[in-house]
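run.txt follows; it contains compact mmCIF, C-alpha atoms and all ligand atoms.
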# COMPACT_ATOMS: atom_id res chain seq x y z
CA MET A 295 10.57 39.74 -16.88
CA SER A 296 11.64 42.97 -18.55
CA GLN A 297 8.82 45.16 -19.74
CA ARG A 298 11.10 46.85 -22.30
CA GLU A 299 12.14 43.90 -24.42
CA PRO A 300 9.44 42.62 -26.75
CA ILE A 301 8.00 39.28 -25.72
CA SER A 302 7.09 36.41 -28.03
CA ALA A 303 3.60 34.96 -28.08
CA GLU A 304 5.04 31.68 -26.74
CA ARG A 305 6.67 33.40 -23.75
CA TRP A 306 3.41 35.26 -23.09
CA LEU A 307 1.44 32.02 -22.99
CA LEU A 308 4.11 30.29 -20.91
CA ARG A 309 4.15 33.05 -18.31
CA LEU A 310 0.36 33.31 -18.29
CA ALA A 311 0.15 29.54 -17.72
CA GLU A 312 2.56 29.84 -14.77
CA LEU A 313 0.42 32.58 -13.28
CA GLY A 314 -2.67 30.50 -14.03
CA ARG A 315 -1.48 27.85 -11.57
CA ARG A 316 -1.78 30.37 -8.76
CA GLN A 317 -4.82 31.59 -6.88
CA GLY A 318 -5.97 34.80 -5.25
CA LEU A 319 -3.62 37.20 -7.05
CA ALA A 320 -4.52 40.79 -6.11
CA ILE A 321 -4.04 43.41 -8.78
CA GLY A 322 -2.84 45.93 -6.19
CA ALA A 323 -0.11 43.53 -5.02
CA LEU A 324 0.95 42.87 -8.62
CA LEU A 325 1.22 46.61 -9.13
CA ASP A 326 3.70 46.82 -6.26
CA GLY A 327 5.62 43.78 -7.42
CA GLY A 328 6.60 45.17 -10.83
CA ARG A 329 4.54 45.76 -13.91
CA GLY A 330 5.62 42.78 -16.04
CA ASP A 331 3.13 40.23 -14.75
CA LEU A 332 0.40 42.80 -14.25
CA ASP A 333 0.77 44.11 -17.81
CA LEU A 334 0.66 40.58 -19.11
CA LEU A 335 -2.54 39.80 -17.18
CA LEU A 336 -4.28 43.05 -18.07
CA ALA A 337 -3.30 42.65 -21.73
CA SER A 338 -4.70 39.11 -21.65
CA ALA A 339 -7.94 40.54 -20.28
CA ALA A 340 -7.92 43.33 -22.87
CA LEU A 341 -7.70 40.71 -25.64
CA HIS A 342 -11.31 39.88 -24.71
CA LEU A 343 -12.40 43.28 -26.02
CA PRO A 344 -12.37 44.25 -29.71
CA VAL A 345 -10.15 47.02 -31.08
CA ASP A 346 -12.46 48.38 -33.76
CA GLU A 347 -15.89 48.05 -32.23
CA GLY A 348 -17.16 49.82 -29.12
CA LEU A 349 -18.93 47.79 -26.43
CA THR A 350 -21.44 49.03 -23.90
CA GLU A 351 -20.43 48.78 -20.26
CA ARG A 352 -22.71 45.79 -19.89
CA GLU A 353 -21.13 44.04 -22.86
CA ALA A 354 -17.62 44.84 -21.67
CA SER A 355 -18.44 43.50 -18.21
CA GLY A 356 -19.72 40.29 -19.77
CA ARG A 357 -16.44 39.79 -21.66
CA LEU A 358 -14.39 40.47 -18.52
CA ARG A 359 -16.48 38.04 -16.49
CA GLY A 360 -15.63 35.46 -19.13
CA PHE A 361 -11.92 36.23 -18.66
CA LEU A 362 -12.20 35.90 -14.87
CA GLU A 363 -13.97 32.56 -15.21
CA GLY A 364 -11.36 31.33 -17.68
CA ALA A 365 -7.75 32.39 -18.14
CA GLY A 366 -8.00 35.08 -15.45
CA ALA A 367 -9.34 32.86 -12.66
CA MET A 368 -6.15 33.38 -10.65
CA LEU A 369 -7.09 37.03 -10.06
CA ALA A 370 -8.83 38.00 -6.83
CA THR A 371 -11.11 40.63 -8.30
CA ASP A 372 -14.49 41.11 -9.95
CA HIS A 373 -15.33 42.39 -13.42
CA ALA A 374 -16.10 45.94 -12.21
CA GLU A 375 -12.78 46.38 -10.44
CA LEU A 376 -10.93 44.77 -13.33
CA ARG A 377 -12.68 47.14 -15.78
CA ARG A 378 -11.56 50.14 -13.72
CA TRP A 379 -7.94 48.94 -13.64
CA LEU A 380 -7.97 48.33 -17.38
CA VAL A 381 -9.24 51.83 -18.02
CA ASP A 382 -7.02 53.53 -15.41
CA LEU A 383 -3.85 51.83 -16.68
CA GLY A 384 -4.70 52.45 -20.31
CA PHE A 385 -5.36 48.90 -21.57
CA VAL A 386 -8.96 49.74 -22.41
CA SER A 387 -10.33 53.03 -23.64
CA ARG A 388 -13.71 54.40 -22.68
CA SER A 389 -15.60 57.24 -24.25
CA ASP A 390 -16.45 60.24 -22.10
CA ARG A 391 -20.05 59.09 -21.97
CA GLY A 392 -18.88 55.71 -20.66
CA ASP A 393 -20.66 53.62 -23.26
CA ASP A 394 -17.90 52.79 -25.70
CA TYR A 395 -15.34 50.33 -24.35
CA ARG A 396 -12.65 49.00 -26.67
CA ARG A 397 -9.13 47.64 -26.45
CA ALA A 398 -6.53 50.43 -26.38
CA PRO A 399 -3.06 50.09 -27.90
CA LEU A 400 -1.15 47.70 -25.61
CA PRO A 401 2.32 48.50 -24.17
CA ASP A 402 5.05 48.34 -26.82
CA TRP A 403 6.70 45.19 -25.50
CA LEU A 404 3.42 43.24 -25.82
CA GLN A 405 2.17 44.52 -29.17
CA ASP A 406 3.84 42.05 -31.55
CA ALA A 407 2.81 39.04 -29.49
CA ALA A 408 -0.74 40.35 -29.01
CA ARG A 409 -1.26 40.34 -32.77
CA GLN A 410 -0.74 36.53 -32.76
CA LEU A 411 -2.95 35.87 -29.74
CA ASP A 412 -6.67 35.73 -29.13
CA VAL A 413 -9.09 34.70 -26.40
CA GLU A 414 -9.02 31.04 -27.45
CA ARG A 415 -5.24 30.74 -27.29
CA VAL A 416 -4.78 32.42 -23.91
CA THR A 417 -7.65 30.45 -22.41
CA ALA A 418 -6.35 27.16 -23.81
CA ALA A 419 -2.83 27.80 -22.49
CA VAL A 420 -4.02 28.40 -18.93
CA GLN A 421 -6.49 25.52 -18.99
CA ALA A 422 -3.82 23.13 -20.26
CA ALA A 423 -1.53 24.16 -17.38
CA ARG A 424 -4.31 23.65 -14.85
CA GLN A 425 -5.20 20.25 -16.29
CA GLN A 426 -1.55 19.27 -16.20
CA ASP A 427 -1.40 20.28 -12.54
CA ALA A 428 -4.57 18.36 -11.74
CA ALA A 429 -3.22 15.27 -13.52
CA GLU A 430 0.04 15.58 -11.60
CA ARG A 431 -1.85 15.83 -8.31
CA ARG A 432 -3.91 12.77 -9.24
CA ARG A 433 -0.76 10.85 -10.18
CA ARG A 434 0.91 11.73 -6.87
CA LYS A 435 -2.22 10.73 -4.94
CA GLU A 436 -2.51 7.41 -6.76
CA ALA A 437 1.19 6.68 -6.23
CA TRP A 438 0.77 7.45 -2.55
CA LEU A 439 -2.29 5.20 -2.26
CA ALA A 440 -0.48 2.40 -4.09
CA ARG A 441 2.48 2.68 -1.71
CA ALA A 442 0.19 2.70 1.33
CA GLY A 443 -1.68 -0.34 -0.02
CA ARG A 444 1.54 -2.24 -0.69
CA SER A 445 3.00 -1.67 2.75
CA GLU A 446 -0.26 -2.67 4.40
CA GLY A 447 -0.45 -5.77 2.23
CA ALA A 448 3.18 -6.64 2.96
CA GLU A 449 2.57 -6.34 6.69
CA ALA A 450 -0.40 -8.68 6.46
CA ASN A 451 1.27 -11.13 4.11
CA GLU A 452 4.32 -11.60 6.28
CA SER A 453 2.61 -13.93 8.67
CA LEU A 454 -0.52 -14.88 6.78
CA PRO A 455 0.24 -15.98 3.27
CA SER A 456 -2.99 -17.80 2.54
CA THR A 457 -5.73 -15.42 3.62
CA ALA A 458 -4.30 -11.95 3.99
CA ALA A 459 -4.74 -11.05 0.35
CA ARG A 460 -8.43 -11.83 0.39
CA GLY A 461 -11.04 -9.18 1.02
CA SER A 462 -11.02 -5.53 0.02
CA SER A 463 -8.69 -2.91 1.36
CA THR A 464 -10.36 0.15 2.86
CA ASP A 465 -9.63 2.80 5.45
CA GLU A 466 -13.04 1.97 6.88
CA ASP A 467 -11.55 -1.29 8.10
CA ALA A 468 -8.97 0.58 10.16
CA THR A 469 -11.67 2.81 11.65
CA TYR A 470 -13.74 -0.17 12.79
CA MET A 471 -10.65 -2.02 13.98
CA ALA A 472 -9.87 0.93 16.25
CA LEU A 473 -13.29 0.39 17.85
CA ALA A 474 -12.46 -3.29 18.32
CA ILE A 475 -9.22 -2.23 20.04
CA ASP A 476 -11.34 -0.17 22.47
CA GLN A 477 -13.25 -3.33 23.27
CA ALA A 478 -9.98 -5.18 23.88
CA HIS A 479 -9.10 -2.53 26.47
CA ASN A 480 -12.38 -3.34 28.24
CA GLY A 481 -11.18 -6.94 28.53
CA TRP A 482 -7.86 -5.83 30.01
CA ALA A 483 -9.71 -3.66 32.53
CA VAL A 484 -11.39 -6.77 33.99
CA GLY A 485 -8.25 -8.88 33.88
CA GLU A 486 -8.94 -10.81 30.69
CA VAL A 487 -6.57 -11.27 27.77
CA PRO A 488 -7.30 -8.11 25.75
CA VAL A 489 -9.05 -9.15 22.57
CA GLY A 490 -11.98 -7.11 21.25
CA ALA A 491 -14.54 -7.50 18.49
CA ILE A 492 -17.30 -5.51 16.86
CA LEU A 493 -19.96 -6.53 14.38
CA VAL A 494 -20.89 -4.08 11.64
CA CYS A 495 -23.85 -4.25 9.31
CA GLY A 496 -24.78 -1.63 6.72
CA GLY A 497 -22.34 0.86 8.23
CA GLN A 498 -23.83 0.42 11.71
CA VAL A 499 -22.14 -1.15 14.70
CA LEU A 500 -24.63 -3.82 15.77
CA ALA A 501 -22.76 -5.37 18.64
CA THR A 502 -19.50 -5.41 20.53
CA GLY A 503 -17.66 -8.04 22.52
CA PHE A 504 -14.49 -8.62 24.44
CA ASN A 505 -12.75 -11.70 25.63
CA GLN A 506 -14.08 -12.84 29.05
CA PRO A 507 -13.82 -16.61 29.56
CA ILE A 508 -12.29 -16.28 33.02
CA GLY A 509 -14.83 -13.93 34.55
CA SER A 510 -17.84 -15.62 32.97
CA HIS A 511 -16.58 -19.17 33.64
CA ASP A 512 -17.23 -19.87 29.98
CA PRO A 513 -14.53 -21.29 27.76
CA THR A 514 -16.48 -20.18 24.69
CA ALA A 515 -16.68 -16.52 25.75
CA HIS A 516 -14.20 -15.26 23.18
CA ALA A 517 -14.65 -11.72 21.85
CA GLU A 518 -16.00 -12.95 18.50
CA VAL A 519 -18.58 -15.23 20.10
CA GLN A 520 -19.71 -12.47 22.47
CA ALA A 521 -20.27 -10.08 19.56
CA VAL A 522 -21.96 -12.71 17.37
CA ARG A 523 -24.35 -13.73 20.18
CA ALA A 524 -25.29 -10.14 20.96
CA ALA A 525 -25.92 -9.27 17.30
CA ALA A 526 -28.01 -12.39 16.65
CA ALA A 527 -30.12 -11.68 19.75
CA LEU A 528 -30.57 -8.08 18.65
CA LEU A 529 -31.66 -9.01 15.13
CA GLY A 530 -33.68 -12.02 16.27
CA ASN A 531 -31.90 -14.04 13.61
CA TYR A 532 -29.22 -16.69 13.89
CA ARG A 533 -27.91 -15.70 10.45
CA LEU A 534 -25.79 -12.57 10.22
CA SER A 535 -25.62 -12.38 6.44
CA GLY A 536 -24.14 -9.16 5.11
CA CYS A 537 -22.31 -8.40 8.35
CA THR A 538 -18.60 -7.80 8.87
CA LEU A 539 -16.87 -8.95 12.04
CA TYR A 540 -13.80 -7.05 13.21
CA VAL A 541 -11.58 -8.70 15.78
CA THR A 542 -8.16 -7.65 17.05
CA LEU A 543 -6.67 -11.17 17.00
CA GLU A 544 -6.83 -13.93 14.40
CA PRO A 545 -9.80 -16.14 15.35
CA CYS A 546 -9.35 -19.64 16.73
CA ALA A 547 -11.01 -22.74 15.24
CA MET A 548 -14.05 -22.41 17.51
CA CYS A 549 -14.65 -18.80 16.49
CA ALA A 550 -13.98 -19.57 12.82
CA GLY A 551 -16.74 -22.18 13.07
CA ALA A 552 -19.12 -19.73 14.75
CA ILE A 553 -18.38 -17.12 12.08
CA GLN A 554 -19.17 -19.62 9.34
CA HIS A 555 -22.35 -20.86 11.05
CA ALA A 556 -23.54 -17.25 11.32
CA ARG A 557 -22.93 -16.72 7.58
CA ILE A 558 -20.89 -13.63 8.29
CA GLU A 559 -19.89 -12.05 5.00
CA ARG A 560 -16.50 -10.63 5.93
CA LEU A 561 -14.00 -11.20 8.66
CA VAL A 562 -11.34 -8.57 9.33
CA PHE A 563 -8.74 -9.32 11.96
CA GLY A 564 -5.70 -7.52 13.34
CA ALA A 565 -2.74 -9.45 14.74
CA PRO A 566 -1.96 -13.02 13.69
CA ASP A 567 -2.09 -15.69 16.39
CA PRO A 568 0.72 -18.18 15.81
CA LYS A 569 -0.59 -20.47 18.59
CA THR A 570 -4.24 -21.02 17.70
CA GLY A 571 -4.97 -18.88 14.62
CA ALA A 572 -7.39 -20.59 12.26
CA CYS A 573 -7.08 -18.15 9.35
CA GLY A 574 -3.70 -19.33 8.14
CA SER A 575 -1.36 -19.25 11.14
CA VAL A 576 -2.03 -22.81 12.37
CA VAL A 577 -4.78 -23.91 10.01
CA ASP A 578 -6.86 -22.03 7.47
CA LEU A 579 -10.47 -22.99 7.90
CA PHE A 580 -11.58 -20.20 5.57
CA ALA A 581 -9.50 -21.59 2.72
CA GLU A 582 -11.38 -24.89 3.03
CA ALA A 583 -14.05 -24.70 0.33
CA LYS A 584 -16.02 -27.58 1.88
CA LEU A 585 -16.46 -25.57 5.09
CA ASN A 586 -16.57 -21.97 3.97
CA HIS A 587 -19.06 -20.70 1.43
CA HIS A 588 -19.60 -17.18 2.69
CA THR A 589 -16.84 -15.45 4.53
CA ARG A 590 -14.14 -13.33 2.93
CA VAL A 591 -11.13 -12.71 5.17
CA ARG A 592 -8.74 -9.85 5.53
CA GLY A 593 -5.92 -9.99 8.09
CA GLY A 594 -3.29 -7.56 9.32
CA VAL A 595 -5.45 -4.45 9.80
CA LEU A 596 -3.79 -2.34 12.55
CA ALA A 597 -1.86 -5.52 13.31
CA ASP A 598 0.91 -3.67 15.17
CA ARG A 599 -1.47 -1.92 17.55
CA CYS A 600 -3.51 -5.08 18.14
CA GLY A 601 -0.39 -7.15 18.81
CA GLN A 602 1.25 -4.49 20.97
CA LEU A 603 -1.78 -4.45 23.24
CA LEU A 604 -1.33 -8.17 23.92
CA SER A 605 2.43 -7.81 24.42
CA ASP A 606 1.87 -4.98 26.90
CA PHE A 607 -0.76 -7.01 28.76
CA PHE A 608 1.50 -10.05 29.16
CA ALA A 609 4.47 -7.86 30.11
CA GLU A 610 2.33 -6.34 32.88
CA ARG A 611 1.28 -9.76 34.09
CA ARG A 612 4.88 -10.99 34.22
CA ALA A 613 5.81 -7.92 36.24
CA LEU A 614 2.88 -8.49 38.63
CA ARG A 615 3.84 -12.13 39.05
CA ARG A 616 7.47 -11.24 39.79
CA GLY A 617 6.18 -8.84 42.41
CA GLY A 618 4.12 -11.66 43.99
CA LEU A 619 0.85 -9.94 43.06
CA LEU A 620 -0.34 -12.83 40.87
CA PRO A 621 -0.12 -16.58 41.53
CA ALA A 622 2.49 -18.32 39.38
CA ASP A 623 -0.17 -20.31 37.54
CA ALA A 624 -2.58 -17.41 36.99
CA GLU A 625 -5.01 -17.86 34.17
CA GLY A 626 -4.80 -15.91 30.96
CA ASP A 627 -1.11 -16.31 30.24
CA ASP A 628 -1.68 -17.32 26.70
CA ALA A 629 -2.68 -15.18 23.78
CA GLY A 630 -4.43 -18.21 22.35
CA GLU A 631 -7.27 -17.79 24.81
CA ALA A 632 -9.06 -15.42 22.55
ZN ZN A 701 -11.86 -17.84 19.51

In structure tokens, write the structure found in this file.
Amino acid sequence: MSQREPISAERWLLRLAELGRRQGLAIGALLDGGRGDLDLLLASAALHLPVDEGLTEREASGRLRGFLEGAGAMLATDHAELRRWLVDLGFVSRSDRGDDYRRAPLPDWLQDAARQLDVERVTAAVQAARQQDAAERRRRKEAWLARAGRSEGAEANESLPSTAARGSSTDEDATYMALAIDQAHNGWAVGEVPVGAILVCGGQVLATGFNQPIGSHDPTAHAEVQAVRAAAALLGNYRLSGCTLYVTLEPCAMCAGAIQHARIERLVFGAPDPKTGACGSVVDLFAEAKLNHHTRVRGGVLADRCGQLLSDFFAERRALRRGGLLPADAEGDDAGEA
């Protein structure tokens, strides 16, 4: 921007709005970078002081604070330093006694435009630019969230058309599902098919469980049942109303029944189970209004991680069996055990 050619009021406001989108501008750095922007900013500040009426230092400081809270918020300075710059560079005059501050004649190239501008116009121009930026940031964020929601929904809907769309979509679900995945690892560590579950109530993890039918000689010891039993014992109540159960694999019919008997409010599961899944893969017991009066279902949360864990487990078992380290008919060869 040339400081010789006169500027229009519109160009002034446009440039001020551009500068208004920035933060932490130091007057000293602007001084080194050429006077155009600095003159424009100091002139905008000087507009806050009258031409034909002297202000006390206190009054002048008050006006400059107003500028720094409004149009001048991009400047990294305080009213005292700004006042000194304005006086030193000739934008504001001060009487020898230091009690008569008023706007001095502005640089030639700004004078015509300055006559058309006032505090309201410069403040409005910068605020409009900032609001536009904020709206643009909001729009980008919402677009991003919508995209993230769609891809998550698409992942879930692929295999689970009937139930995946039910339930709310929150990042919280992914956080809790990650804890359920930790539980699944516990199952793997003791040689069980890695399926994990946690029960959450009021933002608190009440109970955890992992699949352990083999070790406990209990065909009902699925991860969901383990967690439901522990939570009910803890609460001293066979109803778990208001609770959410997170499990890494789509529940089977037995677990779906237990979840419904416990009056669990929400079920969130990870990977679909095409062999025994009772939330839409084989049957959908939660879509049956005569059975289910309480439980909302959301599937597909961290589905890839939950499914990969099972794939890795079975790949390891096949390798062990090939190496003669497991009997050919070893238990736990079937993801449907959970
Ligand atoms: Zn089950």

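Shown here are all protein and nucleic acid residues lying within 12 Å of (-1.1, 34.0, -33.0), with all atoms listed in the file considered: Ser302, Ala303, Glu304, Trp306, Leu307, Leu341, Gln405, Asp406, Ala407, Ala408, Arg409, Gln410, Leu411, Asp412, Val413, Glu414, Arg415 and Val416 of chain A.
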
Step by step, measure atom-to-atom distances between ligand ZN 701 (chain A) and each residue using only C-alpha atoms and all ligand atoms, keep those at most 6 Å, then write them as a PyMOL selection string.
chain A and resi 516+545-546+548-549+632

Please produce a file of the residues just selected, as a short mmCIF file (atom, residue, chain, number, x, y, z; two decimals), keeping the file's coordinate frame, where the atoms kept are C-alpha atoms.
data_model
loop_
_atom_site.label_atom_id
_atom_site.label_comp_id
_atom_site.auth_asym_id
_atom_site.auth_seq_id
_atom_site.Cartn_x
_atom_site.Cartn_y
_atom_site.Cartn_z
CA HIS A 516 -14.20 -15.26 23.18
CA PRO A 545 -9.80 -16.14 15.35
CA CYS A 546 -9.35 -19.64 16.73
CA MET A 548 -14.05 -22.41 17.51
CA CYS A 549 -14.65 -18.80 16.49
CA ALA A 632 -9.06 -15.42 22.55
#

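For the atom pair formed by atom CA of A:Arg560 and atom CA of A:Val522, the distance is 12.8 Å, given to one decimal.
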
Considering all atoms listed in the file, can you say which of A:Gly384, A:Gly497, A:Gly364, A:Gly490 comes closest to A:Ala337?
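Between A:Gly384, A:Gly497, A:Gly364, A:Gly490, the residue approaching A:Ala337 most closely is A:Gly384.
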
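Between atom CA of A:Gly330 and atom CA of A:Asp393 there is a distance of 29.3 Å.
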
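Here atom CA of A:Phe563 and atom CA of A:Gly594 stand 6.3 Å from one another.
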
Around all of stretch 478-497 of chain A's listed atoms, make the axis-aligned box with 8 Å on each side and tell me centre and edge lengths in Å to one decimal, as lines of an AutoDock Vina configuration file.
center_x = -15.7
center_y = -5.2
center_z = 20.4
size_x = 34.2
size_y = 28.1
size_z = 43.3

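Near stretch 420-430 of chain A, within 10 Å and counting only C-alpha atoms, sit Leu307, Leu308, Arg309, Leu310, Ala311, Glu312, Leu313, Gly314, Arg315, Arg316, Gly364, Ala365, Gly366, Ala367, Met368, Arg415, Val416, Thr417, Arg433, Arg434, Lys435 and Glu436 of chain A; same-chain residues fewer than 3 positions away were not included.
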